$ cat final_17.cif   # mmCIF, C-alpha atoms
data_upload
loop_
_atom_site.label_atom_id
_atom_site.label_comp_id
_atom_site.auth_asym_id
_atom_site.auth_seq_id
_atom_site.Cartn_x
_atom_site.Cartn_y
_atom_site.Cartn_z
CA MET A 1 -12.23 40.74 -34.01
CA ARG A 2 -12.25 37.55 -32.01
CA GLU A 3 -11.55 37.43 -28.29
CA LYS A 4 -8.79 34.90 -27.69
CA LEU A 5 -9.36 34.92 -23.93
CA ASN A 6 -11.27 31.70 -24.19
CA VAL A 7 -8.28 29.59 -25.21
CA ARG A 8 -6.60 30.49 -21.93
CA GLN A 9 -9.71 29.59 -20.02
CA LEU A 10 -10.03 26.06 -21.34
CA LEU A 11 -6.37 25.52 -20.72
CA LEU A 12 -6.81 26.52 -17.06
CA VAL A 13 -9.82 24.26 -16.69
CA LEU A 14 -8.42 21.23 -18.49
CA LEU A 15 -4.63 21.41 -18.66
CA ALA A 16 -3.60 21.58 -15.01
CA ALA A 17 -2.22 18.05 -15.26
CA PHE A 18 -0.46 18.64 -18.54
CA SER A 19 3.00 20.12 -18.98
CA ILE A 20 4.13 21.95 -22.08
CA TYR A 21 5.34 19.40 -24.52
CA SER A 22 8.19 20.00 -26.88
CA CYS A 23 9.63 17.69 -29.42
CA ALA A 24 13.29 18.14 -30.16
CA ARG A 25 14.51 16.31 -33.20
CA GLU A 26 18.07 15.47 -34.09
CA ASP A 27 19.14 16.14 -37.67
CA PHE A 28 18.80 13.04 -39.79
CA LEU A 29 22.01 12.57 -41.78
CA GLN A 30 21.45 11.97 -45.44
CA GLN A 31 24.78 10.23 -45.79
CA GLU A 32 24.50 7.14 -43.60
CA THR A 33 26.92 4.35 -42.81
CA SER A 34 25.85 0.85 -43.84
CA LYS A 35 25.18 0.02 -40.17
CA GLU A 36 22.76 2.95 -39.86
CA ALA A 37 21.04 2.01 -43.11
CA VAL A 38 20.37 -1.51 -41.85
CA SER A 39 18.36 -0.08 -38.94
CA ALA A 40 16.26 2.30 -41.06
CA SER A 41 13.37 -0.11 -41.71
CA SER A 42 12.99 -1.02 -38.03
CA ALA A 43 14.01 2.28 -36.36
CA LYS A 44 11.24 3.86 -34.26
CA TYR A 45 9.32 6.44 -36.27
CA ALA A 46 10.25 10.08 -35.62
CA SER A 47 8.99 12.34 -38.40
CA ARG A 48 11.51 14.30 -40.49
CA SER A 49 8.85 15.46 -42.94
CA LEU A 50 8.63 19.14 -43.81
CA TRP A 51 4.84 19.00 -43.47
CA LYS A 52 2.24 17.89 -40.96
CA GLU A 53 1.64 14.16 -41.20
CA ASP A 54 -0.76 11.67 -39.59
CA ASP A 55 1.81 10.56 -37.00
CA VAL A 56 -0.63 8.22 -35.23
CA TYR A 57 -1.32 6.32 -38.44
CA ILE A 58 2.32 6.13 -39.50
CA GLY A 59 3.29 4.70 -36.10
CA LYS A 60 0.56 2.04 -36.27
CA VAL A 61 1.36 1.10 -39.87
CA GLN A 62 5.00 0.60 -38.91
CA GLN A 63 3.88 -1.55 -35.97
CA VAL A 64 1.79 -3.79 -38.25
CA PHE A 65 4.51 -4.00 -40.88
CA LEU A 66 7.25 -5.00 -38.44
CA LYS A 67 4.97 -7.61 -36.85
CA HIS A 68 4.67 -9.49 -40.15
CA ALA A 69 7.87 -8.52 -41.96
CA ASN A 70 10.87 -10.60 -42.88
CA LEU A 71 13.13 -7.53 -42.87
CA GLU A 72 16.21 -9.23 -44.26
CA ARG A 73 14.30 -10.57 -47.26
CA PHE A 74 12.34 -7.34 -47.73
CA ASN A 75 15.48 -5.17 -47.58
CA THR A 76 17.26 -7.43 -50.05
CA THR A 77 14.33 -7.55 -52.44
CA TYR A 78 13.27 -3.91 -52.32
CA GLY A 79 15.43 -1.67 -50.13
CA GLU A 80 15.19 0.21 -46.82
CA LEU A 81 11.94 1.79 -45.64
CA TYR A 82 12.59 5.37 -44.54
CA TRP A 83 9.67 5.71 -42.14
CA ASN A 84 10.81 9.12 -40.90
CA TYR A 85 10.00 10.55 -44.33
CA ALA A 86 6.59 8.88 -44.67
CA MET A 87 3.88 11.26 -45.89
CA SER A 88 0.11 11.24 -45.49
CA PHE A 89 -0.36 14.21 -47.89
CA GLY A 90 -2.96 16.14 -45.93
CA GLN A 91 -5.02 13.04 -45.07
CA PHE A 92 -5.79 12.43 -41.41
CA GLY A 93 -8.00 9.96 -39.59
CA GLU A 94 -5.63 6.99 -40.04
CA LYS A 95 -6.32 6.37 -43.71
CA TYR A 96 -3.36 6.71 -46.03
CA LEU A 97 0.41 7.14 -46.33
CA LEU A 98 3.39 6.69 -48.62
CA VAL A 99 6.78 5.45 -47.37
CA PRO A 100 9.92 5.89 -49.50
CA ILE A 101 12.14 2.84 -50.10
CA VAL A 102 15.83 3.67 -50.53
CA LYS A 103 18.83 1.83 -51.99
CA LYS A 104 22.25 3.50 -52.01
CA ASP A 105 20.85 6.99 -51.44
CA LYS A 106 18.26 6.62 -54.20
CA VAL A 107 14.49 6.42 -53.74
CA VAL A 108 13.66 3.37 -55.84
CA LEU A 109 10.07 2.62 -54.84
CA LEU A 110 7.21 3.68 -52.57
CA MET A 111 5.09 1.59 -50.24
CA GLU A 112 1.46 2.71 -50.10
CA ALA A 113 -0.47 1.82 -46.93
CA VAL A 114 -4.27 2.05 -47.06
CA ARG A 115 -6.65 1.29 -44.20
CA LYS A 116 -10.10 -0.08 -45.01
CA GLY A 117 -12.05 -0.48 -41.80
CA ASP A 118 -10.05 -2.75 -39.50
CA ARG A 119 -7.79 -4.09 -42.28
CA LEU A 120 -4.53 -2.62 -43.54
CA TYR A 121 -3.29 -3.13 -47.09
CA PHE A 122 0.19 -2.58 -48.50
CA TYR A 123 0.63 -1.67 -52.16
CA GLU A 124 3.62 -1.02 -54.40
CA LYS A 125 3.73 2.43 -56.01
CA ASN A 126 6.19 3.14 -58.79
CA ASP A 127 5.39 6.65 -60.03
CA ALA A 128 8.43 8.35 -61.60
CA ASP A 129 7.36 11.90 -60.71
CA LEU A 130 6.49 10.96 -57.14
CA LEU A 131 9.78 9.07 -56.75
CA ALA A 132 11.66 12.16 -57.95
CA PHE A 133 9.76 14.33 -55.47
CA PHE A 134 10.70 12.08 -52.55
CA GLN A 135 14.30 11.95 -53.80
CA HIS A 136 14.54 15.74 -53.59
CA VAL A 137 12.88 15.82 -50.17
CA LEU A 138 15.46 13.39 -48.80
CA TYR A 139 18.62 14.60 -50.48
CA SER A 140 18.32 18.06 -52.05
CA ASN A 141 19.02 21.48 -50.55
CA ILE A 142 15.46 22.65 -49.87
CA VAL A 143 15.24 26.38 -49.18
CA SER A 144 11.45 26.60 -48.80
CA HIS A 145 8.36 24.43 -48.90
CA SER A 146 4.59 24.80 -48.98
CA GLU A 147 1.35 22.87 -49.19
CA VAL A 148 -2.02 23.67 -50.76
CA ILE A 149 -5.02 21.57 -49.74
CA ASP A 150 -8.16 21.87 -51.83
CA GLY A 151 -11.10 19.90 -53.10
CA ASN A 152 -10.49 18.22 -56.44
CA LYS A 153 -12.79 20.58 -58.31
CA ALA A 154 -11.45 19.55 -61.71
CA ALA A 155 -12.73 16.03 -61.12
CA LYS A 156 -15.96 17.38 -59.58
CA ALA A 157 -15.46 15.03 -56.65
CA LYS A 158 -15.88 15.64 -52.95
CA TYR A 159 -12.45 14.60 -51.77
CA VAL A 160 -9.39 16.53 -50.73
CA CYS A 161 -6.12 16.80 -52.64
CA SER A 162 -2.79 17.99 -51.28
CA THR A 163 -0.25 19.71 -53.52
CA ARG A 164 3.18 19.94 -51.93
CA THR A 165 5.88 22.18 -53.34
CA ILE A 166 9.60 22.43 -52.60
CA ILE A 167 12.15 24.98 -53.79
CA ILE A 168 15.64 23.59 -54.40
CA GLY A 169 18.59 25.91 -53.84
CA CYS A 170 22.27 25.70 -54.74
CA LEU A 171 24.41 22.71 -53.95
CA ASN A 172 27.33 23.10 -51.56
CA GLY A 173 29.91 25.46 -53.02
CA GLN A 174 27.56 26.92 -55.66
CA THR A 175 26.34 30.49 -55.47
CA ASP A 176 25.01 31.44 -58.90
CA CYS A 177 22.32 28.80 -59.51
CA GLU A 178 18.65 29.51 -60.11
CA PRO A 179 16.19 27.99 -57.59
CA VAL A 180 14.10 25.15 -59.01
CA SER A 181 10.54 24.32 -57.96
CA TYR A 182 9.08 20.82 -57.74
CA SER A 183 5.43 20.05 -56.95
CA HIS A 184 3.31 16.94 -56.62
CA MET A 185 -0.37 16.42 -55.89
CA VAL A 186 -1.82 13.40 -54.07
CA CYS A 187 -5.58 12.99 -53.55
CA GLU A 188 -7.52 10.82 -51.15
CA TRP A 189 -7.26 7.16 -52.00
CA GLN A 190 -10.33 5.92 -53.86
CA GLU A 191 -11.39 2.30 -54.43
CA ASP A 192 -11.38 1.58 -58.17
CA SER A 193 -14.83 0.28 -59.13
CA GLY A 194 -14.44 0.85 -62.86
CA GLY A 195 -12.61 -2.33 -63.79
CA GLY A 196 -9.16 -0.74 -63.89
CA VAL A 197 -5.86 -2.42 -63.05
CA PRO A 198 -5.78 -3.08 -59.29
CA PRO A 199 -2.79 -1.83 -57.27
CA LYS A 200 0.08 -4.29 -56.90
CA SER A 201 0.25 -5.96 -53.49
CA PHE A 202 3.37 -5.29 -51.42
CA PRO A 203 3.79 -8.10 -48.85
CA PRO A 204 5.98 -7.35 -45.82
CA LEU A 205 7.52 -10.82 -46.14
CA GLY A 206 9.48 -9.42 -49.06
CA ASP A 207 8.42 -12.14 -51.48
CA PRO A 208 7.94 -10.50 -54.88
CA PHE A 209 6.12 -13.60 -56.16
CA GLY A 210 3.97 -14.55 -53.15
CA GLY A 211 0.86 -13.28 -51.47
CA GLY A 212 2.41 -12.17 -48.20
CA GLY A 213 0.95 -14.75 -45.79
CA GLY A 214 0.28 -14.07 -42.12
CA GLY A 215 -3.09 -12.49 -42.83
CA GLY A 216 -1.82 -10.54 -45.80
CA GLY A 217 -2.43 -10.69 -49.53
CA ALA A 218 -5.97 -9.95 -50.56
CA ASP A 219 -7.15 -10.18 -46.95
CA GLY A 220 -4.93 -7.41 -45.66
CA TYR A 221 -3.57 -7.23 -42.13
CA GLU A 222 -5.34 -6.60 -38.86
CA TYR A 223 -5.17 -2.89 -37.94
CA PRO A 224 -4.92 -2.11 -34.21
CA ASP A 225 -7.62 0.07 -32.60
CA PRO A 226 -9.15 1.51 -35.79
CA PRO A 227 -10.92 4.86 -35.36
CA GLU A 228 -14.66 5.23 -35.74
CA GLU A 229 -15.72 4.93 -39.36
CA ASN A 230 -17.51 8.28 -39.11
CA PRO A 231 -14.55 10.68 -38.78
CA ASN A 232 -16.86 13.45 -37.59
CA GLN A 233 -18.51 11.50 -34.79
CA ASP A 234 -17.10 13.69 -32.04
CA ILE A 235 -16.11 16.93 -33.76
CA ILE A 236 -18.67 17.03 -36.53
CA ASN A 237 -17.41 18.72 -39.66
CA GLN A 238 -19.89 20.60 -41.85
CA LEU A 239 -17.35 22.79 -43.61
CA THR A 240 -17.49 21.02 -46.97
CA ASP A 241 -17.73 24.37 -48.77
CA TYR A 242 -14.42 25.40 -47.19
CA PRO A 243 -11.95 22.56 -47.97
CA CYS A 244 -8.96 24.36 -46.44
CA ALA A 245 -10.73 24.89 -43.12
CA GLN A 246 -12.22 21.40 -43.34
CA SER A 247 -8.77 19.86 -43.54
CA LEU A 248 -7.58 21.93 -40.57
CA LEU A 249 -10.56 20.82 -38.51
CA GLU A 250 -9.86 17.16 -39.25
CA GLN A 251 -6.34 17.68 -37.89
CA LEU A 252 -7.50 19.58 -34.80
CA PRO A 253 -7.37 16.77 -32.19
CA ASN A 254 -4.24 15.19 -33.71
CA MET A 255 -1.89 18.17 -33.66
CA ASN A 256 1.12 18.18 -31.40
CA ASN A 257 0.17 20.73 -28.74
CA GLU A 258 -1.36 20.78 -25.29
CA LEU A 259 -4.89 21.80 -26.24
CA ALA A 260 -5.11 19.27 -29.08
CA ARG A 261 -4.19 16.43 -26.73
CA VAL A 262 -6.83 17.52 -24.23
CA LEU A 263 -9.49 17.76 -26.94
CA LYS A 264 -8.63 14.27 -28.12
CA ASP A 265 -8.77 12.83 -24.61
CA ILE A 266 -12.13 14.45 -23.86
CA PHE A 267 -14.07 14.18 -27.09
CA GLN A 268 -12.77 11.12 -28.92
CA ASN A 269 -15.16 8.17 -28.74
CA ASN A 270 -17.24 9.79 -26.01
CA ASP A 271 -20.99 9.84 -26.56
CA ASP A 272 -21.41 12.65 -24.03
CA TYR A 273 -19.70 15.23 -26.25
CA ARG A 274 -20.63 16.57 -29.68
CA ILE A 275 -19.37 19.68 -31.46
CA THR A 276 -20.57 20.75 -34.89
CA PHE A 277 -18.63 23.31 -36.95
CA LYS A 278 -20.49 25.32 -39.60
CA GLY A 279 -19.77 28.35 -41.74
CA LYS A 280 -22.01 31.40 -41.33
CA SER A 281 -22.29 34.71 -43.15
CA GLY A 282 -23.13 38.08 -41.65
CA LEU A 283 -20.94 37.81 -38.53
CA GLY A 284 -19.17 41.09 -39.22
CA ASP A 285 -15.99 41.52 -37.17
CA LYS A 286 -16.69 38.44 -35.01
CA ASP A 287 -14.71 35.37 -35.99
CA GLY A 288 -17.28 32.97 -34.58
CA ILE A 289 -20.26 32.48 -32.29
CA THR A 290 -21.26 29.43 -30.30
CA SER A 291 -24.57 27.84 -29.43
CA THR A 292 -24.48 25.25 -26.63
CA VAL A 293 -27.22 22.99 -25.30
CA SER A 294 -27.40 21.67 -21.74
CA LYS A 295 -30.13 20.11 -19.64
CA PRO A 296 -30.52 20.20 -15.86
CA ASP A 297 -28.53 17.44 -14.12
CA SER A 298 -26.91 16.49 -17.41
CA ASN A 299 -23.20 16.30 -18.19
CA LYS A 300 -23.77 15.91 -21.91
CA PHE A 301 -22.07 18.65 -23.96
CA PHE A 302 -23.59 19.59 -27.32
CA ALA A 303 -22.45 22.68 -29.19
CA THR A 304 -22.69 24.24 -32.64
CA ILE A 305 -19.87 26.59 -33.56
CA PHE A 306 -20.53 29.04 -36.39
CA LEU A 307 -17.34 30.35 -38.00
CA ASN A 308 -17.37 33.61 -39.95
CA ASP A 309 -17.39 32.64 -43.62
CA ASN A 310 -15.24 35.67 -44.48
CA VAL A 311 -12.57 34.31 -42.13
CA LEU A 312 -12.92 30.81 -43.62
CA LYS A 313 -12.49 32.25 -47.13
CA ASN A 314 -9.84 34.90 -46.54
CA ALA A 315 -7.82 34.24 -43.36
CA THR A 316 -4.53 32.37 -43.17
CA LYS A 317 -4.49 28.76 -42.05
CA GLU A 318 -2.84 29.82 -38.80
CA TYR A 319 -5.58 32.34 -38.07
CA ILE A 320 -8.34 29.80 -38.80
CA LEU A 321 -6.61 27.21 -36.64
CA ILE A 322 -6.29 29.44 -33.58
CA THR A 323 -9.89 30.59 -34.07
CA MET A 324 -11.10 26.98 -33.99
CA TYR A 325 -9.28 26.33 -30.72
CA HIS A 326 -10.66 29.55 -29.31
CA GLU A 327 -14.25 28.71 -30.22
CA VAL A 328 -14.04 25.21 -28.73
CA ALA A 329 -12.80 26.79 -25.50
CA HIS A 330 -15.65 29.30 -25.58
CA ALA A 331 -18.17 26.53 -26.20
CA TYR A 332 -16.93 24.51 -23.23
CA LEU A 333 -17.03 27.44 -20.83
CA ASP A 334 -20.46 28.48 -22.08
CA PHE A 335 -21.68 24.93 -21.48
CA GLU A 336 -20.23 24.94 -17.96
CA LEU A 337 -21.94 28.25 -17.15
CA LYS A 338 -25.32 26.94 -18.29
CA ARG A 339 -24.83 23.64 -16.49
CA LEU A 340 -23.61 25.07 -13.17
CA GLY A 341 -25.35 28.42 -13.00
CA GLN A 342 -23.58 31.71 -12.36
CA ALA A 343 -22.94 31.26 -8.62
CA GLN A 344 -21.43 27.77 -8.88
CA PHE A 345 -19.52 28.71 -12.03
CA ASP A 346 -17.89 31.63 -10.20
CA GLU A 347 -16.98 29.31 -7.34
CA THR A 348 -15.63 26.58 -9.61
CA TYR A 349 -13.73 28.93 -11.93
CA PRO A 350 -12.78 31.94 -9.78
CA VAL A 351 -10.23 33.33 -12.23
CA TYR A 352 -12.86 34.29 -14.82
CA VAL A 353 -15.31 37.11 -15.24
CA THR A 354 -18.41 36.65 -17.37
CA GLY A 355 -20.32 39.19 -19.37
CA ALA A 356 -22.83 39.52 -22.18
CA ASP A 357 -22.43 40.54 -25.80
CA TYR A 358 -24.67 40.74 -28.83
CA ALA A 359 -24.29 38.51 -31.87
CA PRO A 360 -24.90 40.22 -35.25
CA ASP A 361 -28.47 38.89 -35.28
CA GLY A 362 -29.19 40.52 -31.91
CA THR A 363 -28.91 37.33 -29.87
CA ILE A 364 -27.28 37.75 -26.45
CA VAL A 365 -24.20 35.55 -26.04
CA ASN A 366 -21.87 34.96 -23.10
CA ARG A 367 -18.31 36.30 -23.04
CA PHE A 368 -15.53 35.25 -20.70
CA GLY A 369 -12.33 36.91 -19.56
CA PHE A 370 -9.57 36.80 -16.97
CA LYS A 371 -9.87 38.90 -13.88
CA GLU A 372 -7.80 42.05 -14.21
CA GLY A 373 -4.08 41.48 -13.72
CA HIS A 374 -4.32 37.72 -13.31
CA GLN A 375 -0.92 36.05 -13.17
CA ASN A 376 -1.73 33.37 -15.77
CA VAL A 377 -1.82 35.79 -18.71
CA GLY A 378 1.85 35.21 -19.50
CA PHE A 379 1.43 31.44 -19.42
CA PHE A 380 -1.44 31.50 -21.88
CA LEU A 381 0.32 33.87 -24.23
CA SER A 382 3.22 31.44 -24.34
CA THR A 383 0.86 28.51 -24.91
CA LEU A 384 -0.82 30.18 -27.87
CA GLU A 385 2.51 31.23 -29.32
CA ASN A 386 3.74 27.64 -29.03
CA ILE A 387 0.67 26.33 -30.86
CA LEU A 388 1.17 28.75 -33.75
CA SER A 389 4.94 28.26 -33.97
CA ALA A 390 4.59 24.47 -33.89
CA TYR A 391 2.12 24.59 -36.77
CA ASN A 392 4.26 26.96 -38.84
CA PRO A 393 7.88 27.34 -37.68
CA ASN A 394 8.45 29.92 -40.44
CA LEU A 395 5.88 32.37 -39.06
CA PRO A 396 7.71 35.55 -37.91
CA PRO A 397 7.86 35.90 -34.10
CA GLU A 398 6.23 39.32 -34.19
CA THR A 399 3.24 37.91 -36.10
CA VAL A 400 2.97 34.95 -33.73
CA LYS A 401 2.99 37.32 -30.76
CA ALA A 402 0.35 39.59 -32.28
CA MET A 403 -2.03 36.72 -33.02
CA ALA A 404 -1.54 35.28 -29.53
CA LYS A 405 -2.21 38.62 -27.83
CA ALA A 406 -5.38 39.43 -29.79
CA GLY A 407 -8.27 39.48 -27.36
CA ILE A 408 -6.08 38.56 -24.38
CA THR A 409 -4.15 41.66 -23.51
CA THR A 410 -3.33 45.14 -24.74
CA MET A 411 -1.90 45.29 -28.25
CA THR A 412 0.20 47.96 -29.91
CA GLU A 413 -1.07 49.53 -33.12
CA GLU A 414 1.56 47.59 -35.04
CA GLU A 415 0.37 44.30 -33.52
CA LYS A 416 -3.22 45.10 -34.43
CA VAL A 417 -2.16 45.59 -38.04
CA LEU A 418 -0.20 42.31 -38.09
CA ASN A 419 -3.17 40.42 -36.70
CA ALA A 420 -5.55 42.04 -39.22
CA ASN A 421 -3.21 41.04 -42.06
CA GLU A 422 -3.57 37.38 -41.08
CA ARG A 423 -7.35 37.69 -40.85
CA ASP A 424 -7.70 39.10 -44.37
CA THR A 425 -5.26 37.81 -46.97
CA THR A 426 -6.91 39.92 -49.68
CA LEU A 427 -4.72 42.71 -48.30
CA GLY A 428 -1.72 40.76 -49.58
CA LYS A 429 0.33 41.42 -46.45
CA GLN A 430 -0.01 38.12 -44.58
CA LYS A 431 2.98 36.17 -43.28
CA GLY A 432 1.06 32.93 -42.66
CA THR A 433 -0.14 30.28 -45.09
CA LYS A 434 -2.84 31.41 -47.50
CA CYS A 435 -5.67 29.01 -48.21
CA PRO A 436 -6.28 28.30 -51.91
#
$ encode --input "final_17.cif" --output "structure tokens"
Amino acid sequence: MREKLNVRQLLLVLLAAFSIYSCAREDFLQQETSKEAVSASSAKYASRSLWKEDDVYIGKVQQVFLKHANLERFNTTYGELYWNYAMSFGQFGEKYLLVPIVKKDKVVLLMEAVRKGDRLYFYEKNDADLLAFFQHVLYSNIVSHSEVIDGNKAAKAKYVCSTRTIIIGCLNGQTDCEPVSYSHMVCEWQEDSGGGVPPKSFPPLGDPFGGGGGGGGADGYEYPDPPEENPNQDIINQLTDYPCAQSLLEQLPNMNNELARVLKDIFQNNDDYRITFKGKSGLGDKDGITSTVSKPDSNKFFATIFLNDNVLKNATKEYILITMYHEVAHAYLDFELKRLGQAQFDETYPVYVTGADYAPDGTIVNRFGFKEGHQNVGFFLSTLENILSAYNPNLPPETVKAMAKAGITTMTEEEKVLNANERDTTLGKQKGTKCP
């Protein structure tokens, strides 16, 4: 089983200046006064989605829209944009989103925002099934929800699709109704090169007959600080055979937790850092192994992280996610040890002990751990628990605790079983989210 000690170590090295961040959201009332409704299109984005969304992209799209919009005309022509319920449907990297447009508590239309390089395009989307799905998300009594992310194998194409499902319970005062399930799939936006009908432009000026103006229409709108066109420039993704894990890896630096923010600050757009993730068979009970490269007098960090393909195929999303964080931490510490040498490493990082272990192929690899009884154990347990709970608030506390403790401190037999259940969903006893 993996040793989670390394997540604590990177946090000690890199997170001294960071405080634990928590985001408390107020309940968004479905029944709004007319005064509240007027402010919906221009209110600062604060996600109310049930799923993980590309919050960075949604915030920038709103910024561009409000810069060019004639809100009064747009609201009169179309309705109110409910940014807080915008969805990117499993797509990250500042590429795609849908925003519901509401009139009198009814979702009447969707605005589709697509980034192409440094230009942003707004399109009108009027899909009856998708409108109904958003209507339920905003106004129905949802008792559970889920998401399945997978490659679109039916179309034999190498792009990711997200299928989101909600279960609708009884209305207020009802007790004998049968739950109803609604699902909808959205795939990565693809440019139509086959001569089909182009998407209908959706100008922020609110002119249903015009071309938008202000840099809009066919020319799109200037997009602020677009990311690198190669989404894997800094954390290189070679997990195409594992679409569920691939999607998680793309989200890694953008998630709302301490370690994700540090990873983004360090690795994004920095030519001195490169991490490559690959799947590997034959790793046995090890969740991953790391190979780092360093040169004397060099601060450049290059690492290849091999993840156990059995874990990629059979573990829950939560287990894969925490494993990825763990392996990045291991890679960084391994790099530091090679760069500094044992004596200087011990002086720079006095809270750690280093040792050697054997990979399944017989290669000797470094292992790191806290010195016995170190006071920071409790802090790191809490940090890992926060990461898991933030990703999946429905994960039982006892499962969260077991996964956080694995490899860090002593576990009870019950905790070992709970952790093993998340590592191997073929047992059918997992509490986390199963990959398709």
$ atom_distance --input "final_17.cif" --atom1 "CA of Phe74 (chain A)" --atom2 "CA of Pro204 (chain A)"
6.6 Å
$ residues_around --input "final_17.cif" --residues "Glu178 (chain A)" --least-positions-apart "4" --cutoff "12 Å" --atoms "only C-alpha atoms" --output "MDAnalysis selection string"
chainID A and resid 143 167:171 174
$ write_last_selection --input "final_17.cif" --atoms "C-alpha atoms" --output "JSON list (two decimals), in the coordinates of the input"
[["chain", "number", "residue", "atom", "x", "y", "z"],
["A", 143, "VAL", "CA", 15.24, 26.38, -49.18],
["A", 167, "ILE", "CA", 12.15, 24.98, -53.79],
["A", 168, "ILE", "CA", 15.64, 23.59, -54.40],
["A", 169, "GLY", "CA", 18.59, 25.91, -53.84],
["A", 170, "CYS", "CA", 22.27, 25.70, -54.74],
["A", 171, "LEU", "CA", 24.41, 22.71, -53.95],
["A", 174, "GLN", "CA", 27.56, 26.92, -55.66]]
$ residues_around --input "final_17.cif" --residues "Asn310 (chain A)" --least-positions-apart "5" --cutoff "10 Å" --atoms "all atoms listed in the file" --output "list in words"
Gly279, Lys280, Ser281, Gly282, Leu283, Gly284, Asp285, Lys286, Asp287, Ala315, Arg423 and Asp424 of chain A
$ residues_around --input "final_17.cif" --residues "Val99 (chain A)" --least-positions-apart "2" --cutoff "7 Å" --atoms "only C-alpha atoms" --output "list of chain:residue names"
A:Leu81, A:Tyr82, A:Trp83, A:Tyr85, A:Ala86, A:Met87, A:Leu97, A:Ile101, A:Leu110, A:Met111, A:Glu112
$ closest_residue --input "final_17.cif" --among "A:Asp225, A:Glu53, A:Glu336, A:Glu414" --to "Leu120 (chain A)" --atoms "all atoms listed in the file"
A:Asp225
$ resolve_selection --input "final_17.cif" --expression "the PyMOL selection byres ((chain A and resi 418-420) around 8)" --output "list of chain:residue names"
A:Thr399, A:Ala402, A:Met403, A:Ala406, A:Glu414, A:Glu415, A:Lys416, A:Val417, A:Asn421, A:Glu422, A:Arg423, A:Asp424, A:Gln430
$ residues_around --input "final_17.cif" --residues "region 235-239 of chain A" --least-positions-apart "4" --cutoff "8 Å" --atoms "all atoms listed in the file" --output "list of chain:residue names"
A:Pro231, A:Pro243, A:Ala245, A:Gln246, A:Leu249, A:Glu250, A:Phe267, A:Arg274, A:Ile275, A:Thr276, A:Phe277, A:Lys278, A:Gly279
$ atom_distance --input "final_17.cif" --atom1 "CA of Ile305 (chain A)" --atom2 "CA of Phe335 (chain A)"
12.3 Å
$ atom_distance --input "final_17.cif" --atom1 "CA of Ala46 (chain A)" --atom2 "CA of Lys104 (chain A)"
21.4 Å
$ resolve_selection --input "final_17.cif" --expression "the PyMOL selection byres ((chain A and resi 433) around 6)" --output "list in words"
Thr316, Lys317, Gly432 and Lys434 of chain A
$ residues_around --input "final_17.cif" --residues "Thr348 (chain A)" --least-positions-apart "6" --cutoff "10 Å" --atoms "all atoms listed in the file" --output "mmCIF file with C-alpha atoms, keeping the file's coordinate frame"
data_model
loop_
_atom_site.group_PDB
_atom_site.id
_atom_site.type_symbol
_atom_site.label_atom_id
_atom_site.label_comp_id
_atom_site.auth_asym_id
_atom_site.auth_seq_id
_atom_site.Cartn_x
_atom_site.Cartn_y
_atom_site.Cartn_z
ATOM 1 C CA VAL A 13 -9.820 24.260 -16.690
ATOM 2 C CA GLU A 336 -20.230 24.940 -17.960
ATOM 3 C CA LEU A 337 -21.940 28.250 -17.150
ATOM 4 C CA LEU A 340 -23.610 25.070 -13.170
ATOM 5 C CA GLN A 342 -23.580 31.710 -12.360
#
$ resolve_selection --input "final_17.cif" --expression "the PyMOL selection byres ((chain A and resi 148) around 10)" --output "compact mmCIF listing (two decimals) with C-alpha atoms, in the coordinates of the input"
# COMPACT_ATOMS: atom_id res chain seq x y z
CA GLY A 90 -2.96 16.14 -45.93
CA SER A 146 4.59 24.80 -48.98
CA GLU A 147 1.35 22.87 -49.19
CA ILE A 149 -5.02 21.57 -49.74
CA ASP A 150 -8.16 21.87 -51.83
CA CYS A 161 -6.12 16.80 -52.64
CA SER A 162 -2.79 17.99 -51.28
CA THR A 163 -0.25 19.71 -53.52
CA ARG A 164 3.18 19.94 -51.93
CA THR A 165 5.88 22.18 -53.34
CA MET A 185 -0.37 16.42 -55.89
CA CYS A 244 -8.96 24.36 -46.44
CA THR A 433 -0.14 30.28 -45.09
CA LYS A 434 -2.84 31.41 -47.50
CA CYS A 435 -5.67 29.01 -48.21
CA PRO A 436 -6.28 28.30 -51.91
$ closest_residue --input "final_17.cif" --among "A:Val311, A:Thr240, A:Ala43, A:Val102" --to "Tyr139 (chain A)" --atoms "all atoms listed in the file"
A:Val102
$ closest_residue --input "final_17.cif" --among "A:Glu124, A:Tyr182, A:Leu395, A:Leu252" --to "Phe202 (chain A)" --atoms "all atoms listed in the file"
A:Glu124
$ closest_residue --input "final_17.cif" --among "A:Pro203, A:Trp51, A:Asn394, A:Glu188" --to "Val137 (chain A)" --atoms "only C-alpha atoms"
A:Trp51
$ closest_residue --input "final_17.cif" --among "A:Cys187, A:Thr175, A:Tyr221, A:Arg73" --to "Asp118 (chain A)" --atoms "only C-alpha atoms"
A:Tyr221
